[in-house]
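Enquirer: Starting off with a structure, shown below.
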Amino acid sequence: MDHLLADSQNYSSTLIQRKQFFSIPVSCRSGLIIDSTLLRLMNMNMKTFCLSLFTFFIVLLCVPSAHAQGGKLSTKNTRAANIYERATKYFDGKVYDVAMRDLLDCIKLDANFIEAHMLLGDTYAETKRYDEAIASYKKAIEINPDFFAGNYYNLGKIELKAGAYADARAHLQSYVSQPKIPESLRATASELMAHAAFADSCVKHPVPFDPINLGDSINTEHNEYTPTLTVDEQTLIITRRQPRSAQTIAMNKEEEDFYVSQKVKGVWSRALNMGPPINTGGNEGAQCISPDGKFLYYTACNRDDGFGSCDLYYARKTGDRWSSPKNMGPRVNSSSWESQPSISYDGNTLYFVSSRPGGQGKLDIWKTTRNESGLWSEPVNLGPNINTKMSEITPFIHPDDQTLYFSSDGHRGMGGLDLFYSRKSAEGEWAEPLNMGYPINTVGDENSMIINAAGNIAYYASDRPEGKGNLDLYSFVVYAAARPGVVSYVKGTVTDSQSGRGLEATLEVTDLATGMVVQTLTSDKAEGEYLIALPAGKDYMFNVSRTGYLFHSENFSLKQNNSVQQAFVVDVELQPVKAGNTVVMRNIFFDTDKFEMKEGSQTELKKLEMLMKENPAVKIEIAGHTDNVGDKKYNQTLSEKRAKSVFDALVASGADAARLTYKGYGDTKPMASNDNEEGRKQNRRTAFTILSDK
């Protein structure tokens, strides 16, 4: 699909008699910003426009107009009137430079030609020459304040767009004070006044903001946007739009591809084209990557296997290779438009944007969840707390699973698309979104922001004047109030203890407080690598298992860790089910000097029960160990009682007692030094050993 910058929809004007405003004829101007949305897609003929994935057009200003088409004009200069009629045709045909020239000629012939000043204001507004548009509308009002009430509306909207918030409020107030205007438009103007008041307050109370360009390895003279990060911040994937060949340069065509960069010694390497099978001759973009870097979700349009104009696809990475992309299917994709996915930390909830029926407005944020069988549910709208009658786009669910960032032109903001965040309650409800504030948000459009797992650094795209060219990627420190929860992670490799080769194993993360499995994934079958996000505020059990091998367990306490990211590196060597091999059960818990197992130990016991069921020939010894603190005889007795406690629990759950034995070793078999607390902690353990595997 070719990348086309299609003109935005231009609504036909209705005839408006002098001094009377009957309806809202609108000319909606387009603005190029990042990602793949046409905000008014629902109002357009899908077959009329070839959609660019990541260039979408925002309704920035919708201005009532009163250039008379057939009505009596204010000028008595026949030549000026004739030129004006010609200018209206150029304006309606979007030939703005010619319309502008003609209108200036009209004003030279008659400086008090009100309609010419008004239409010139419309023309300047369409071409984003806001200061000149403001001057033209003010001139029309100066000539005759009572000529057309809509001039105050137009002027106020342009001033809002230009960031002149106090003036915008004053002129919109003048408009709503008019007696003969539609109540619907009076309500719209009142809402705009509230936006202006809010924006004015934001400017007077700025938030900390110091964006830093990501540099030459990431940014070029072309457009770079939609960043996505792995949870360890070592892999960055971006979308870049540029001509792909000399032929496309000659045709003035640009195409979008994914580029990937790795962090080497704290510095981003040069971003390289991901290549096939992800990148194709068409456009790919609006991507997100799973926290472990193994799944890529993204948007592609007008493909043979598609269900609508644009669909969501996914691919899986094994080793250094990506699988062929697959369409996410008719439950997720519809005959409408789907784009801009964001995956949750556990890989089981996908947020995305759609124009499908049943939403709150033009474009809404939806979510779909994956069940234990791997099937995605029917999408659910996030509801009126998040979605408005306008458009909500570019969602980003932080790995804390509690904070959603997105862009909206429907919530109260600075004038265009603003960045917002919302936090999820314990009941799963999204709170009223909060504006990220000025100068993060401006009179322009801001979107496609992501935040790292640690919660302190944001990445976004901007066409700031100091950039490398067009849209560049920037980072900035997120001020405290807008930060999400801290997310830690555990990473490493799973290998065979004998051969050292990488293993594809099942990894489970369990909330120790509830016993609920919160994440299940597999290590890379080529390299054995894994990476798992761990939201702070909980204690976790971590288990690695594979058929034919003994399981491995760890635990991570993050209940008190709410401010600093703590990463864990755990390389796991799985032992085959073989006589003599021993496993430390790190998730069997006892209170100090007690031998009754604590709550939270049951999950580990079930793993051992499952191992015995899968290997009916094995016989196992349960062993208790202590550190060397205290009386040796006491330690010996305590270790025996703890081993028996595990034995009794297994038998009570149905395990064959004839295949089990238990023994206490006291402090006679330390696995670490008893000279420090860390070593003593390792020595206080429960383990099992395979006595026989036949």
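Chain labels follow the order of the structure tokens: the first chain is A, the next B, and so on; residue numbering restarts at 1 in every chain, and ligands are counted from 1 in their shown order.
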Extract, using only C-alpha atoms, all DNA, RNA and protein residues at most 6 Å from segment 270-278 of chain A, discarding same-chain residues fewer than 2 positions from it, and format them as a list in words.

Expert: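 The filter keeps Ser217, Ile218, Phe258, Tyr259, Val260, Ser261 and Ser324 of chain A.
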
Enquirer: Could the residues in this selection be saved with N, CA, C and O atoms as a PDB file, in the first residue's frame?

Expert:
ATOM      1  N   SER A 217      21.919   7.847  16.151  1.00  0.00           N
ATOM      2  CA  SER A 217      21.748   6.402  15.955  1.00  0.00           C
ATOM      3  C   SER A 217      20.281   6.018  15.805  1.00  0.00           C
ATOM      4  O   SER A 217      19.967   4.970  15.234  1.00  0.00           O
ATOM      5  N   ILE A 218      19.388   6.866  16.291  1.00  0.00           N
ATOM      6  CA  ILE A 218      17.947   6.596  16.215  1.00  0.00           C
ATOM      7  C   ILE A 218      17.274   7.516  15.203  1.00  0.00           C
ATOM      8  O   ILE A 218      16.482   7.075  14.372  1.00  0.00           O
ATOM      9  N   PHE A 258       9.818  -1.097  10.285  1.00  0.00           N
ATOM     10  CA  PHE A 258      10.321  -1.174  11.645  1.00  0.00           C
ATOM     11  C   PHE A 258      11.850  -1.174  11.637  1.00  0.00           C
ATOM     12  O   PHE A 258      12.487  -1.823  10.801  1.00  0.00           O
ATOM     13  N   TYR A 259      12.411  -0.457  12.614  1.00  0.00           N
ATOM     14  CA  TYR A 259      13.846  -0.455  12.837  1.00  0.00           C
ATOM     15  C   TYR A 259      14.085  -0.804  14.299  1.00  0.00           C
ATOM     16  O   TYR A 259      13.296  -0.441  15.176  1.00  0.00           O
ATOM     17  N   VAL A 260      15.202  -1.509  14.553  1.00  0.00           N
ATOM     18  CA  VAL A 260      15.480  -1.974  15.909  1.00  0.00           C
ATOM     19  C   VAL A 260      16.872  -1.532  16.342  1.00  0.00           C
ATOM     20  O   VAL A 260      17.820  -1.534  15.550  1.00  0.00           O
ATOM     21  N   SER A 261      16.975  -1.130  17.600  1.00  0.00           N
ATOM     22  CA  SER A 261      18.247  -0.701  18.182  1.00  0.00           C
ATOM     23  C   SER A 261      18.458  -1.436  19.498  1.00  0.00           C
ATOM     24  O   SER A 261      17.502  -1.683  20.236  1.00  0.00           O
ATOM     25  N   SER A 324       6.675 -15.725  10.628  1.00  0.00           N
ATOM     26  CA  SER A 324       5.811 -15.027   9.673  1.00  0.00           C
ATOM     27  C   SER A 324       4.623 -14.446  10.430  1.00  0.00           C
ATOM     28  O   SER A 324       4.015 -15.130  11.264  1.00  0.00           O
TER      29      SER A 324
END

Enquirer: Mind checking which residues fall within 7 Å of segment 381-387 of chain A, counting only C-alpha atoms, ignoring those fewer than 5 positions away in the same chain, and posting them as a PyMOL selection string?

Expert: chain A and resi 359-360+364-367+392+430-433

Enquirer: Next, the residues of the selection above should be written as a PDB file, in the first residue's frame with N, CA, C and O atoms.

Expert:
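Listed below is the output, result_24.pdb:
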ATOM      1  N   GLY A 359     -18.908   2.047  20.118  1.00  0.00           N
ATOM      2  CA  GLY A 359     -17.999   2.846  20.925  1.00  0.00           C
ATOM      3  C   GLY A 359     -18.657   4.100  21.466  1.00  0.00           C
ATOM      4  O   GLY A 359     -19.849   4.342  21.287  1.00  0.00           O
ATOM      5  N   GLN A 360     -17.861   4.908  22.126  1.00  0.00           N
ATOM      6  CA  GLN A 360     -18.340   6.149  22.730  1.00  0.00           C
ATOM      7  C   GLN A 360     -18.246   7.323  21.762  1.00  0.00           C
ATOM      8  O   GLN A 360     -18.963   8.313  21.917  1.00  0.00           O
ATOM      9  N   ASP A 364     -12.125   4.870  19.618  1.00  0.00           N
ATOM     10  CA  ASP A 364     -12.136   4.486  21.029  1.00  0.00           C
ATOM     11  C   ASP A 364     -11.014   3.503  21.319  1.00  0.00           C
ATOM     12  O   ASP A 364     -10.508   2.812  20.424  1.00  0.00           O
ATOM     13  N   ILE A 365     -10.684   3.398  22.601  1.00  0.00           N
ATOM     14  CA  ILE A 365      -9.749   2.383  23.069  1.00  0.00           C
ATOM     15  C   ILE A 365     -10.550   1.175  23.549  1.00  0.00           C
ATOM     16  O   ILE A 365     -11.499   1.320  24.325  1.00  0.00           O
ATOM     17  N   TRP A 366     -10.173   0.002  23.078  1.00  0.00           N
ATOM     18  CA  TRP A 366     -10.813  -1.265  23.421  1.00  0.00           C
ATOM     19  C   TRP A 366      -9.765  -2.197  24.022  1.00  0.00           C
ATOM     20  O   TRP A 366      -8.572  -1.928  23.947  1.00  0.00           O
ATOM     21  N   LYS A 367     -10.219  -3.309  24.596  1.00  0.00           N
ATOM     22  CA  LYS A 367      -9.282  -4.319  25.067  1.00  0.00           C
ATOM     23  C   LYS A 367      -9.838  -5.705  24.787  1.00  0.00           C
ATOM     24  O   LYS A 367     -11.050  -5.928  24.725  1.00  0.00           O
ATOM     25  N   GLU A 392      -9.930   8.893  21.145  1.00  0.00           N
ATOM     26  CA  GLU A 392      -8.869   8.479  22.056  1.00  0.00           C
ATOM     27  C   GLU A 392      -7.957   7.520  21.289  1.00  0.00           C
ATOM     28  O   GLU A 392      -8.454   6.541  20.702  1.00  0.00           O
ATOM     29  N   TRP A 430     -11.341   2.273  35.589  1.00  0.00           N
ATOM     30  CA  TRP A 430     -10.397   3.326  35.256  1.00  0.00           C
ATOM     31  C   TRP A 430     -10.874   4.659  35.826  1.00  0.00           C
ATOM     32  O   TRP A 430     -12.022   5.044  35.655  1.00  0.00           O
ATOM     33  N   ALA A 431      -9.963   5.361  36.485  1.00  0.00           N
ATOM     34  CA  ALA A 431     -10.293   6.645  37.100  1.00  0.00           C
ATOM     35  C   ALA A 431     -10.360   7.741  36.049  1.00  0.00           C
ATOM     36  O   ALA A 431      -9.947   7.563  34.902  1.00  0.00           O
ATOM     37  N   GLU A 432     -10.892   8.891  36.455  1.00  0.00           N
ATOM     38  CA  GLU A 432     -10.941  10.055  35.585  1.00  0.00           C
ATOM     39  C   GLU A 432      -9.533  10.375  35.089  1.00  0.00           C
ATOM     40  O   GLU A 432      -8.599  10.529  35.869  1.00  0.00           O
ATOM     41  N   PRO A 433      -9.327  10.473  33.765  1.00  0.00           N
ATOM     42  CA  PRO A 433      -7.987  10.737  33.236  1.00  0.00           C
ATOM     43  C   PRO A 433      -7.462  12.108  33.650  1.00  0.00           C
ATOM     44  O   PRO A 433      -8.224  13.069  33.783  1.00  0.00           O
TER      45      PRO A 433
END

Enquirer: Quick one: of A:Ala513, A:Gly455, A:Ala482, A:Leu236, who's nearest to Ile440 of chain A, counting only C-alpha atoms?

Expert: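 When distances to Ile440 of chain A are compared using only C-alpha atoms, the smallest one comes from A:Ala482.
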
Enquirer: Please return as a PyMOL selection string: the residues of segment 86-254 of chain A that backbone DSSP assigns to alpha helix (DSSP H).

Expert: chain A and resi 86-92+96-109+114-126+130-143+150-162+165-176+183-204+246-250

Enquirer: Could you pull the residues within 12 Å of Ala197 of chain A, counting only C-alpha atoms, minus those fewer than 4 positions along the same chain, as a ChimeraX atom specification?

Expert: /A:160,163-170,172-173,190-193,201-204,412-415

Enquirer: Given only C-alpha atoms as the basis, pick out the residue of A:Asp232, A:Glu224, A:Asp346, A:Glu284 nearest to Gln262 of chain A.

Expert: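 Result for the nearest residue to Gln262 of chain A: A:Asp232.
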
Enquirer: Record the distance separating atom CA of Lys538 of chain A and atom CA of Asp401 of chain A, expressed in Å with one decimal.

Expert: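 Those two atoms sit 13.0 Å apart.
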
Enquirer: For Arg129 of chain A, please output as a list of chain:residue names all residues within 10 Å (counting only C-alpha atoms; exclusion window: fewer than 6 positions along the same chain).

Expert: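 In the requested format, the answer is A:Gly121, A:Asp122, A:Thr123, A:Ile158, A:Ala162.
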
Enquirer: Do you know which residues are at most 9 Å from Lys644 of chain A counting only C-alpha atoms, after dropping those on the same chain fewer than 5 positions away, and could you put them as a tab-separated table (two decimals) with N, CA and C atoms, in the first residue's frame?

Expert:
chain	number	residue	atom	x	y	z
A	595	PHE	N	8.13	-25.41	62.89
A	595	PHE	CA	8.19	-26.46	61.87
A	595	PHE	C	6.86	-26.63	61.13
A	622	ILE	N	12.95	-36.19	51.34
A	622	ILE	CA	12.77	-34.81	51.76
A	622	ILE	C	13.81	-34.51	52.83
A	623	ALA	N	14.58	-33.42	52.65
A	623	ALA	CA	15.65	-33.10	53.59
A	623	ALA	C	15.45	-31.72	54.19
A	624	GLY	N	15.65	-31.62	55.52
A	624	GLY	CA	15.61	-30.34	56.21
A	624	GLY	C	17.01	-29.91	56.61
A	639	SER	N	15.29	-29.48	62.05
A	639	SER	CA	15.37	-29.86	60.63
A	639	SER	C	14.58	-31.13	60.36
A	649	ALA	N	2.50	-33.50	54.61
A	649	ALA	CA	1.62	-32.75	53.71
A	649	ALA	C	1.49	-33.44	52.37
A	661	THR	N	10.62	-40.54	51.71
A	661	THR	CA	11.26	-40.63	53.02
A	661	THR	C	11.68	-39.22	53.41
A	662	TYR	N	12.04	-39.03	54.65
A	662	TYR	CA	12.46	-37.70	55.09
A	662	TYR	C	13.63	-37.83	56.06
A	663	LYS	N	14.41	-36.75	56.16
A	663	LYS	CA	15.57	-36.77	57.04
A	663	LYS	C	15.97	-35.34	57.38
A	664	GLY	N	16.40	-35.13	58.61
A	664	GLY	CA	16.93	-33.84	59.03
A	664	GLY	C	18.44	-33.87	59.09

Enquirer: Looking at only C-alpha atoms, which of A:Gly515, A:Pro670, A:Pro341, A:Pro211 is the one that sits closest to Ser448 of chain A?

Expert: A:Pro341

Enquirer: Write out as a VMD selection string the set of residues from segment 504-683 of chain A that DSSP, computed on the backbone, places in strand (DSSP E).

Expert: chain A and resid 506 to 511 517 to 522 529 to 535 539 to 545 552 to 557 567 to 569 572 to 574 582 to 584 619 to 625 660 to 664
